[in-house]
Amino acid sequence: MRIDILTLLPRLLDGPFADSILERAQQNGLCEIHLHNIRDYTESKHKQTDDYQFGGGAGMVMMVQPIHTLISKLKAERDYDEIIYMTPDGEQLEQRMCNRLSMMKNIMILCGHYKGVDQRVRDHLITREISIGDYVLSGGEIAAAVLTDSIIRLIPGVMNDETSALTDSYQDNLLAPPVYTRPADYNGWKVPDVLLGGNFKVIEAWRMEQSLIKTRERRPYLYPPDLEGSRLFALHAAGGTDASALPR
Ligand code: ADE
């Protein structure tokens, strides 16, 4: 998979992709991330990329020309599945969207700044607008890094233990259950006995139960969850859990 990120501040994105899972994914040839500085494509003498808004009002608007030139250049080189604009008024990012995007071949991500981009960019060049939440960041770069991370970690082979991406919170519209590691007793803070018993089916049933309880408490709008995924299967394999302990 290839991701092209179009930004006025490429340095903001150097860090997130230069370490850990995203760095390894690129080194192993599982994905390519290319940063493009929009300023390099302006035809203005003073390297201008933004201007005052028509009609007045505070804040600068990113101009069409440099963005159009850059997007046209990239589109001439390959086909893109999506050209995404990061914006707080876009559709809200959620796991299903990440899953689908992770199966694409080439995507472009445009980061906005100031008051955002000229509406004609959105009308004529963008295929999709995504927000990472109902709050406003100072630019689209951090949102683009969040989107990129959420997609790339799903590409088979990127995570060490491939199954771990499948058992994340949200994969079945369920929040993940609690996890513990050694020691089993730290200053009297004990790991639940069920996890120490070694009965895999009982452990899976307990985890499902914990996920359901947490989801109902913290994300009531995801409840009842869409249990198509592997963990419903695990629950069935365990012969069901104590139904009275499950949230209704
Ligand atoms: N740019 C600024 N705020 C944003 C947000 N919440 N999501 C996506 N892009 C943004």
# chains A, B, ... in the order shown; residues from 1 in each chain; ligands from 1
$ residues_around --residues "Asn160 in chain A" --least-positions-apart "4" --cutoff "12 Å" --atoms "only C-alpha atoms" --output "PyMOL selection string"
chain A and resi 20-22+24-25+153-156+164-165
$ write_last_selection --atoms "C-alpha atoms" --output "mmCIF file, in the first residue's frame"
data_model
loop_
_atom_site.group_PDB
_atom_site.id
_atom_site.type_symbol
_atom_site.label_atom_id
_atom_site.label_comp_id
_atom_site.auth_asym_id
_atom_site.auth_seq_id
_atom_site.Cartn_x
_atom_site.Cartn_y
_atom_site.Cartn_z
ATOM 1 C CA SER A 20 8.453 1.371 15.748
ATOM 2 C CA ILE A 21 5.702 -0.384 13.764
ATOM 3 C CA LEU A 22 5.326 2.216 11.016
ATOM 4 C CA ARG A 24 9.355 -1.404 10.257
ATOM 5 C CA ALA A 25 6.359 -1.684 7.931
ATOM 6 C CA ARG A 153 -1.175 -1.538 11.443
ATOM 7 C CA LEU A 154 -3.985 -3.575 9.830
ATOM 8 C CA ILE A 155 -1.941 -4.615 6.786
ATOM 9 C CA PRO A 156 -1.102 -8.327 7.144
ATOM 10 C CA SER A 164 -3.431 -8.971 17.825
ATOM 11 C CA ALA A 165 -4.806 -6.401 15.372
#
$ residues_near_ligand --ligand "ligand 1" --cutoff "9 Å" --atoms "only C-alpha atoms and all ligand atoms" --output "MDAnalysis selection string"
chainID A and resid 85:90 92:93 111:113 116 129:144 147
$ residues_around --residues "Arg182 in chain A" --least-positions-apart "5" --cutoff "12 Å" --atoms "only C-alpha atoms" --output "PDB file with C-alpha atoms, in the first residue's frame"
ATOM      1  CA  TRP A 189      -3.262  -6.180  43.677  1.00  0.00           C
ATOM      2  CA  LYS A 190      -4.249  -9.526  42.250  1.00  0.00           C
ATOM      3  CA  VAL A 191      -4.784 -10.777  38.717  1.00  0.00           C
ATOM      4  CA  LEU A 195      -6.665 -15.951  33.946  1.00  0.00           C
ATOM      5  CA  LEU A 196      -4.344 -18.122  36.016  1.00  0.00           C
TER       6      LEU A 196
END
$ atom_distance --atom1 "CA of Asn187 in chain A" --atom2 "CA of Ala205 in chain A"
27.7 Å
$ residues_around --residues "His36 in chain A" --least-positions-apart "4" --cutoff "10 Å" --atoms "only C-alpha atoms" --output "list in words"
Asp4, Ile5, Leu6, Thr7, Leu8, Leu9, Pro10, Asp40, Tyr41, Leu70 and Leu110 of chain A
$ select_by_dssp --residues "range 55-127 of chain A" --states "alpha helix (DSSP H)" --output "PyMOL selection string"
chain A and resi 64-77+95-101+119-124
$ atom_distance --atom1 "CA of Ala176 in chain A" --atom2 "CA of Asp149 in chain A"
18.6 Å
$ atom_distance --atom1 "CA of Lys105 in chain A" --atom2 "CA of Met1 in chain A"
4.7 Å
$ closest_residue --among "A:Arg128, A:Arg120, A:Arg96, A:Arg216" --to "Asp172 in chain A" --atoms "only C-alpha atoms"
A:Arg96
$ select_by_dssp --residues "range 51-102 of chain A" --states "strand (DSSP E or B)" --output "tab-separated table (two decimals) with all heavy atoms, in the first residue's frame"
chain	number	residue	atom	x	y	z
A	51	ASP	N	-4.38	32.64	1.15
A	51	ASP	CA	-4.79	34.01	0.88
A	51	ASP	C	-6.02	34.35	1.73
A	51	ASP	O	-6.63	33.45	2.32
A	51	ASP	CB	-5.10	34.16	-0.63
A	51	ASP	CG	-4.80	35.56	-1.13
A	51	ASP	OD1	-4.83	36.51	-0.32
A	51	ASP	OD2	-4.53	35.69	-2.34
A	52	TYR	N	-6.37	35.65	1.72
A	52	TYR	CA	-7.55	36.08	2.49
A	52	TYR	C	-8.82	35.49	1.89
A	52	TYR	O	-8.88	35.21	0.68
A	52	TYR	CB	-7.63	37.61	2.49
A	52	TYR	CG	-6.45	38.23	3.20
A	52	TYR	CD1	-5.39	38.77	2.47
A	52	TYR	CD2	-6.38	38.22	4.59
A	52	TYR	CE1	-4.28	39.31	3.12
A	52	TYR	CE2	-5.28	38.75	5.25
A	52	TYR	CZ	-4.24	39.29	4.51
A	52	TYR	OH	-3.16	39.81	5.16
A	60	MET	N	-6.77	32.75	7.08
A	60	MET	CA	-6.36	32.55	5.69
A	60	MET	C	-6.91	31.23	5.17
A	60	MET	O	-7.19	30.31	5.94
A	60	MET	CB	-4.84	32.53	5.61
A	60	MET	CG	-4.15	33.74	6.22
A	60	MET	SD	-4.51	35.22	5.29
A	60	MET	CE	-3.17	35.16	4.10
A	61	VAL	N	-7.00	31.16	3.85
A	61	VAL	CA	-7.53	29.95	3.20
A	61	VAL	C	-6.47	29.40	2.26
A	61	VAL	O	-5.82	30.16	1.53
A	61	VAL	CB	-8.81	30.31	2.41
A	61	VAL	CG1	-9.30	29.10	1.61
A	61	VAL	CG2	-9.90	30.82	3.35
A	62	MET	N	-6.27	28.10	2.26
A	62	MET	CA	-5.27	27.50	1.36
A	62	MET	C	-5.78	27.55	-0.08
A	62	MET	O	-6.92	27.20	-0.37
A	62	MET	CB	-4.97	26.06	1.80
A	62	MET	CG	-4.14	26.02	3.09
A	62	MET	SD	-4.02	24.38	3.82
A	62	MET	CE	-3.06	23.52	2.58
A	82	GLU	N	-8.58	6.61	-3.07
A	82	GLU	CA	-9.24	7.71	-2.38
A	82	GLU	C	-8.29	8.90	-2.29
A	82	GLU	O	-7.08	8.71	-2.13
A	82	GLU	CB	-9.63	7.34	-0.93
A	82	GLU	CG	-10.68	6.26	-0.78
A	82	GLU	CD	-12.11	6.73	-0.99
A	82	GLU	OE1	-12.32	7.87	-1.46
A	82	GLU	OE2	-13.02	5.93	-0.70
A	83	ILE	N	-8.86	10.11	-2.37
A	83	ILE	CA	-8.11	11.33	-2.09
A	83	ILE	C	-8.84	11.98	-0.90
A	83	ILE	O	-9.95	12.49	-1.03
A	83	ILE	CB	-8.07	12.26	-3.31
A	83	ILE	CG1	-7.45	11.51	-4.50
A	83	ILE	CG2	-7.26	13.53	-2.98
A	83	ILE	CD1	-7.41	12.31	-5.79
A	84	ILE	N	-8.20	11.87	0.25
A	84	ILE	CA	-8.87	12.19	1.51
A	84	ILE	C	-8.44	13.56	2.01
A	84	ILE	O	-7.24	13.90	1.96
A	84	ILE	CB	-8.50	11.12	2.57
A	84	ILE	CG1	-8.99	9.74	2.12
A	84	ILE	CG2	-9.08	11.48	3.94
A	84	ILE	CD1	-8.39	8.59	2.92
A	85	TYR	N	-9.38	14.33	2.49
A	85	TYR	CA	-9.07	15.61	3.13
A	85	TYR	C	-9.37	15.48	4.62
A	85	TYR	O	-10.47	15.07	5.00
A	85	TYR	CB	-9.93	16.72	2.51
A	85	TYR	CG	-9.79	18.06	3.17
A	85	TYR	CD1	-8.55	18.62	3.44
A	85	TYR	CD2	-10.93	18.80	3.51
A	85	TYR	CE1	-8.43	19.85	4.05
A	85	TYR	CE2	-10.82	20.05	4.11
A	85	TYR	CZ	-9.56	20.56	4.37
A	85	TYR	OH	-9.44	21.79	4.98
A	86	MET	N	-8.38	15.77	5.47
A	86	MET	CA	-8.58	15.70	6.92
A	86	MET	C	-9.22	17.00	7.38
A	86	MET	O	-8.66	18.09	7.18
A	86	MET	CB	-7.24	15.52	7.65
A	86	MET	CG	-6.45	14.29	7.28
A	86	MET	SD	-7.34	12.73	7.27
A	86	MET	CE	-7.87	12.61	8.98
A	87	THR	N	-10.39	16.91	7.98
A	87	THR	CA	-11.10	18.12	8.40
A	87	THR	C	-12.07	17.79	9.54
A	87	THR	O	-12.67	16.71	9.53
A	87	THR	CB	-11.89	18.72	7.20
A	87	THR	OG1	-12.68	19.82	7.65
A	87	THR	CG2	-12.78	17.70	6.51
A	88	PRO	N	-12.18	18.72	10.50
A	88	PRO	CA	-13.08	18.41	11.62
A	88	PRO	C	-14.54	18.23	11.21
A	88	PRO	O	-15.32	17.63	11.95
A	88	PRO	CB	-12.92	19.61	12.57
A	88	PRO	CG	-12.12	20.62	11.84
A	88	PRO	CD	-11.46	19.98	10.68
A	89	ASP	N	-14.94	18.72	10.02
A	89	ASP	CA	-16.33	18.51	9.61
A	89	ASP	C	-16.51	17.33	8.66
A	89	ASP	O	-17.55	17.19	8.01
A	89	ASP	CB	-16.94	19.81	9.03
A	89	ASP	CG	-16.20	20.31	7.80
A	89	ASP	OD1	-15.25	19.64	7.35
A	89	ASP	OD2	-16.56	21.39	7.29
A	90	GLY	N	-15.51	16.45	8.60
A	90	GLY	CA	-15.63	15.24	7.77
A	90	GLY	C	-16.37	14.13	8.49
A	90	GLY	O	-16.79	14.29	9.64
A	91	GLU	N	-16.54	12.98	7.79
A	91	GLU	CA	-17.18	11.84	8.47
A	91	GLU	C	-16.21	11.31	9.53
A	91	GLU	O	-15.00	11.34	9.34
A	91	GLU	CB	-17.60	10.73	7.48
A	91	GLU	CG	-16.47	10.13	6.69
A	91	GLU	CD	-16.88	9.05	5.69
A	91	GLU	OE1	-17.68	8.16	6.02
A	91	GLU	OE2	-16.34	9.10	4.58
A	92	GLN	N	-16.79	10.86	10.62
A	92	GLN	CA	-15.94	10.51	11.75
A	92	GLN	C	-15.24	9.17	11.54
A	92	GLN	O	-15.88	8.18	11.20
A	92	GLN	CB	-16.77	10.49	13.02
A	92	GLN	CG	-15.92	10.17	14.22
A	92	GLN	CD	-16.25	11.04	15.42
A	92	GLN	OE1	-16.97	12.04	15.31
A	92	GLN	NE2	-15.73	10.68	16.56
$ closest_residue --among "A:Leu174, A:Leu12, A:Val64, A:Val179" --to "Asp123 in chain A" --atoms "only C-alpha atoms"
A:Val64
$ closest_residue --among "A:Gly56, A:Phe200, A:Met159, A:Tyr180" --to "Asn28 in chain A" --atoms "only C-alpha atoms"
A:Met159
$ closest_residue --among "A:Pro224, A:His124, A:Cys31, A:Arg100" --to "Ser72 in chain A" --atoms "only C-alpha atoms"
A:His124
$ closest_residue --among "A:Pro177, A:Tyr223, A:Glu217, A:Pro66" --to "Ile203 in chain A" --atoms "only C-alpha atoms"
A:Pro177
$ closest_residue --among "A:Glu204, A:Asp50, A:Asp185, A:Glu32" --to "Val117 in chain A" --atoms "only C-alpha atoms"
A:Asp50
$ residues_around --residues "Tyr170 in chain A" --least-positions-apart "6" --cutoff "12 Å" --atoms "only C-alpha atoms" --output "PyMOL selection string"
chain A and resi 93-99+150+176-177+211-212+214-215+219+222-223+225-227+229+231
$ decode --residues "range 54-88 of chain A" --atoms "N, CA, C and O atoms" --output "CSV table (one decimal), in the first residue's frame"
chain,number,residue,atom,x,y,z
A,54,PHE,N,-12.5,35.5,0.4
A,54,PHE,CA,-13.5,36.3,-0.3
A,54,PHE,C,-14.7,36.6,0.7
A,54,PHE,O,-15.0,35.7,1.4
A,55,GLY,N,-15.2,37.8,0.7
A,55,GLY,CA,-16.3,38.1,1.6
A,55,GLY,C,-15.8,38.6,3.0
A,55,GLY,O,-16.7,38.9,3.8
A,56,GLY,N,-14.5,38.5,3.2
A,56,GLY,CA,-14.0,39.0,4.5
A,56,GLY,C,-14.1,37.9,5.6
A,56,GLY,O,-14.6,36.8,5.3
A,57,GLY,N,-13.5,38.2,6.7
A,57,GLY,CA,-13.5,37.2,7.8
A,57,GLY,C,-12.1,36.9,8.1
A,57,GLY,O,-11.2,37.0,7.3
A,58,ALA,N,-11.9,36.5,9.4
A,58,ALA,CA,-10.6,36.2,9.9
A,58,ALA,C,-10.1,34.9,9.4
A,58,ALA,O,-10.9,34.0,9.1
A,59,GLY,N,-8.8,34.8,9.2
A,59,GLY,CA,-8.1,33.5,8.9
A,59,GLY,C,-7.9,33.4,7.4
A,59,GLY,O,-8.6,33.9,6.6
A,60,MET,N,-6.8,32.7,7.1
A,60,MET,CA,-6.4,32.6,5.7
A,60,MET,C,-6.9,31.2,5.2
A,60,MET,O,-7.2,30.3,5.9
A,61,VAL,N,-7.0,31.2,3.9
A,61,VAL,CA,-7.5,30.0,3.2
A,61,VAL,C,-6.5,29.4,2.3
A,61,VAL,O,-5.8,30.2,1.5
A,62,MET,N,-6.3,28.1,2.3
A,62,MET,CA,-5.3,27.5,1.4
A,62,MET,C,-5.8,27.6,-0.1
A,62,MET,O,-6.9,27.2,-0.4
A,63,MET,N,-4.9,28.0,-1.0
A,63,MET,CA,-5.3,28.3,-2.4
A,63,MET,C,-5.4,27.0,-3.2
A,63,MET,O,-4.8,26.0,-2.9
A,64,VAL,N,-6.2,27.1,-4.2
A,64,VAL,CA,-6.5,25.9,-5.1
A,64,VAL,C,-5.2,25.5,-5.8
A,64,VAL,O,-4.9,24.3,-5.9
A,65,GLN,N,-4.5,26.4,-6.4
A,65,GLN,CA,-3.5,26.1,-7.4
A,65,GLN,C,-2.4,25.1,-7.0
A,65,GLN,O,-2.2,24.1,-7.6
A,66,PRO,N,-1.7,25.4,-5.9
A,66,PRO,CA,-0.6,24.5,-5.5
A,66,PRO,C,-1.2,23.1,-5.2
A,66,PRO,O,-0.5,22.1,-5.6
A,67,ILE,N,-2.3,23.0,-4.6
A,67,ILE,CA,-2.9,21.7,-4.3
A,67,ILE,C,-3.3,21.0,-5.6
A,67,ILE,O,-3.1,19.8,-5.7
A,68,HIS,N,-3.9,21.7,-6.5
A,68,HIS,CA,-4.4,21.1,-7.7
A,68,HIS,C,-3.2,20.6,-8.5
A,68,HIS,O,-3.2,19.5,-9.1
A,69,THR,N,-2.1,21.4,-8.6
A,69,THR,CA,-0.9,21.0,-9.3
A,69,THR,C,-0.3,19.7,-8.7
A,69,THR,O,0.0,18.8,-9.5
A,70,LEU,N,-0.2,19.7,-7.4
A,70,LEU,CA,0.4,18.5,-6.8
A,70,LEU,C,-0.5,17.3,-7.0
A,70,LEU,O,0.0,16.2,-7.3
A,71,ILE,N,-1.8,17.4,-6.7
A,71,ILE,CA,-2.7,16.3,-6.9
A,71,ILE,C,-2.7,15.8,-8.3
A,71,ILE,O,-2.6,14.6,-8.6
A,72,SER,N,-2.7,16.7,-9.3
A,72,SER,CA,-2.7,16.3,-10.7
A,72,SER,C,-1.4,15.5,-11.1
A,72,SER,O,-1.4,14.5,-11.8
A,73,LYS,N,-0.3,16.0,-10.5
A,73,LYS,CA,1.0,15.3,-10.8
A,73,LYS,C,0.9,13.9,-10.3
A,73,LYS,O,1.3,12.9,-11.0
A,74,LEU,N,0.5,13.7,-9.0
A,74,LEU,CA,0.4,12.4,-8.4
A,74,LEU,C,-0.6,11.5,-9.2
A,74,LEU,O,-0.3,10.3,-9.4
A,75,LYS,N,-1.7,12.1,-9.6
A,75,LYS,CA,-2.7,11.3,-10.3
A,75,LYS,C,-2.2,10.8,-11.6
A,75,LYS,O,-2.6,9.8,-12.2
A,76,ALA,N,-1.3,11.6,-12.2
A,76,ALA,CA,-0.8,11.2,-13.5
A,76,ALA,C,0.2,10.1,-13.4
A,76,ALA,O,0.5,9.3,-14.3
A,77,GLU,N,0.7,9.9,-12.2
A,77,GLU,CA,1.7,8.8,-12.0
A,77,GLU,C,1.1,7.5,-11.6
A,77,GLU,O,1.6,6.4,-11.8
A,78,ARG,N,-0.1,7.5,-11.0
A,78,ARG,CA,-0.8,6.2,-10.6
A,78,ARG,C,-2.2,6.5,-10.3
A,78,ARG,O,-2.6,7.7,-10.1
A,79,ASP,N,-3.0,5.5,-10.2
A,79,ASP,CA,-4.5,5.7,-9.8
A,79,ASP,C,-4.6,5.7,-8.3
A,79,ASP,O,-3.9,4.9,-7.6
A,80,TYR,N,-5.5,6.5,-7.8
A,80,TYR,CA,-5.7,6.6,-6.4
A,80,TYR,C,-7.1,6.0,-6.1
A,80,TYR,O,-8.1,6.4,-6.7
A,81,ASP,N,-7.2,5.2,-5.0
A,81,ASP,CA,-8.5,4.7,-4.6
A,81,ASP,C,-9.3,5.8,-3.9
A,81,ASP,O,-10.5,5.9,-4.0
A,82,GLU,N,-8.6,6.6,-3.1
A,82,GLU,CA,-9.2,7.7,-2.4
A,82,GLU,C,-8.3,8.9,-2.3
A,82,GLU,O,-7.1,8.7,-2.1
A,83,ILE,N,-8.9,10.1,-2.4
A,83,ILE,CA,-8.1,11.3,-2.1
A,83,ILE,C,-8.8,12.0,-0.9
A,83,ILE,O,-9.9,12.5,-1.0
A,84,ILE,N,-8.2,11.9,0.2
A,84,ILE,CA,-8.9,12.2,1.5
A,84,ILE,C,-8.4,13.6,2.0
A,84,ILE,O,-7.2,13.9,2.0
A,85,TYR,N,-9.4,14.3,2.5
A,85,TYR,CA,-9.1,15.6,3.1
A,85,TYR,C,-9.4,15.5,4.6
A,85,TYR,O,-10.5,15.1,5.0
A,86,MET,N,-8.4,15.8,5.5
A,86,MET,CA,-8.6,15.7,6.9
A,86,MET,C,-9.2,17.0,7.4
A,86,MET,O,-8.7,18.1,7.2
A,87,THR,N,-10.4,16.9,8.0
A,87,THR,CA,-11.1,18.1,8.4
A,87,THR,C,-12.1,17.8,9.5
A,87,THR,O,-12.7,16.7,9.5
A,88,PRO,N,-12.2,18.7,10.5
A,88,PRO,CA,-13.1,18.4,11.6
A,88,PRO,C,-14.5,18.2,11.2
A,88,PRO,O,-15.3,17.6,12.0
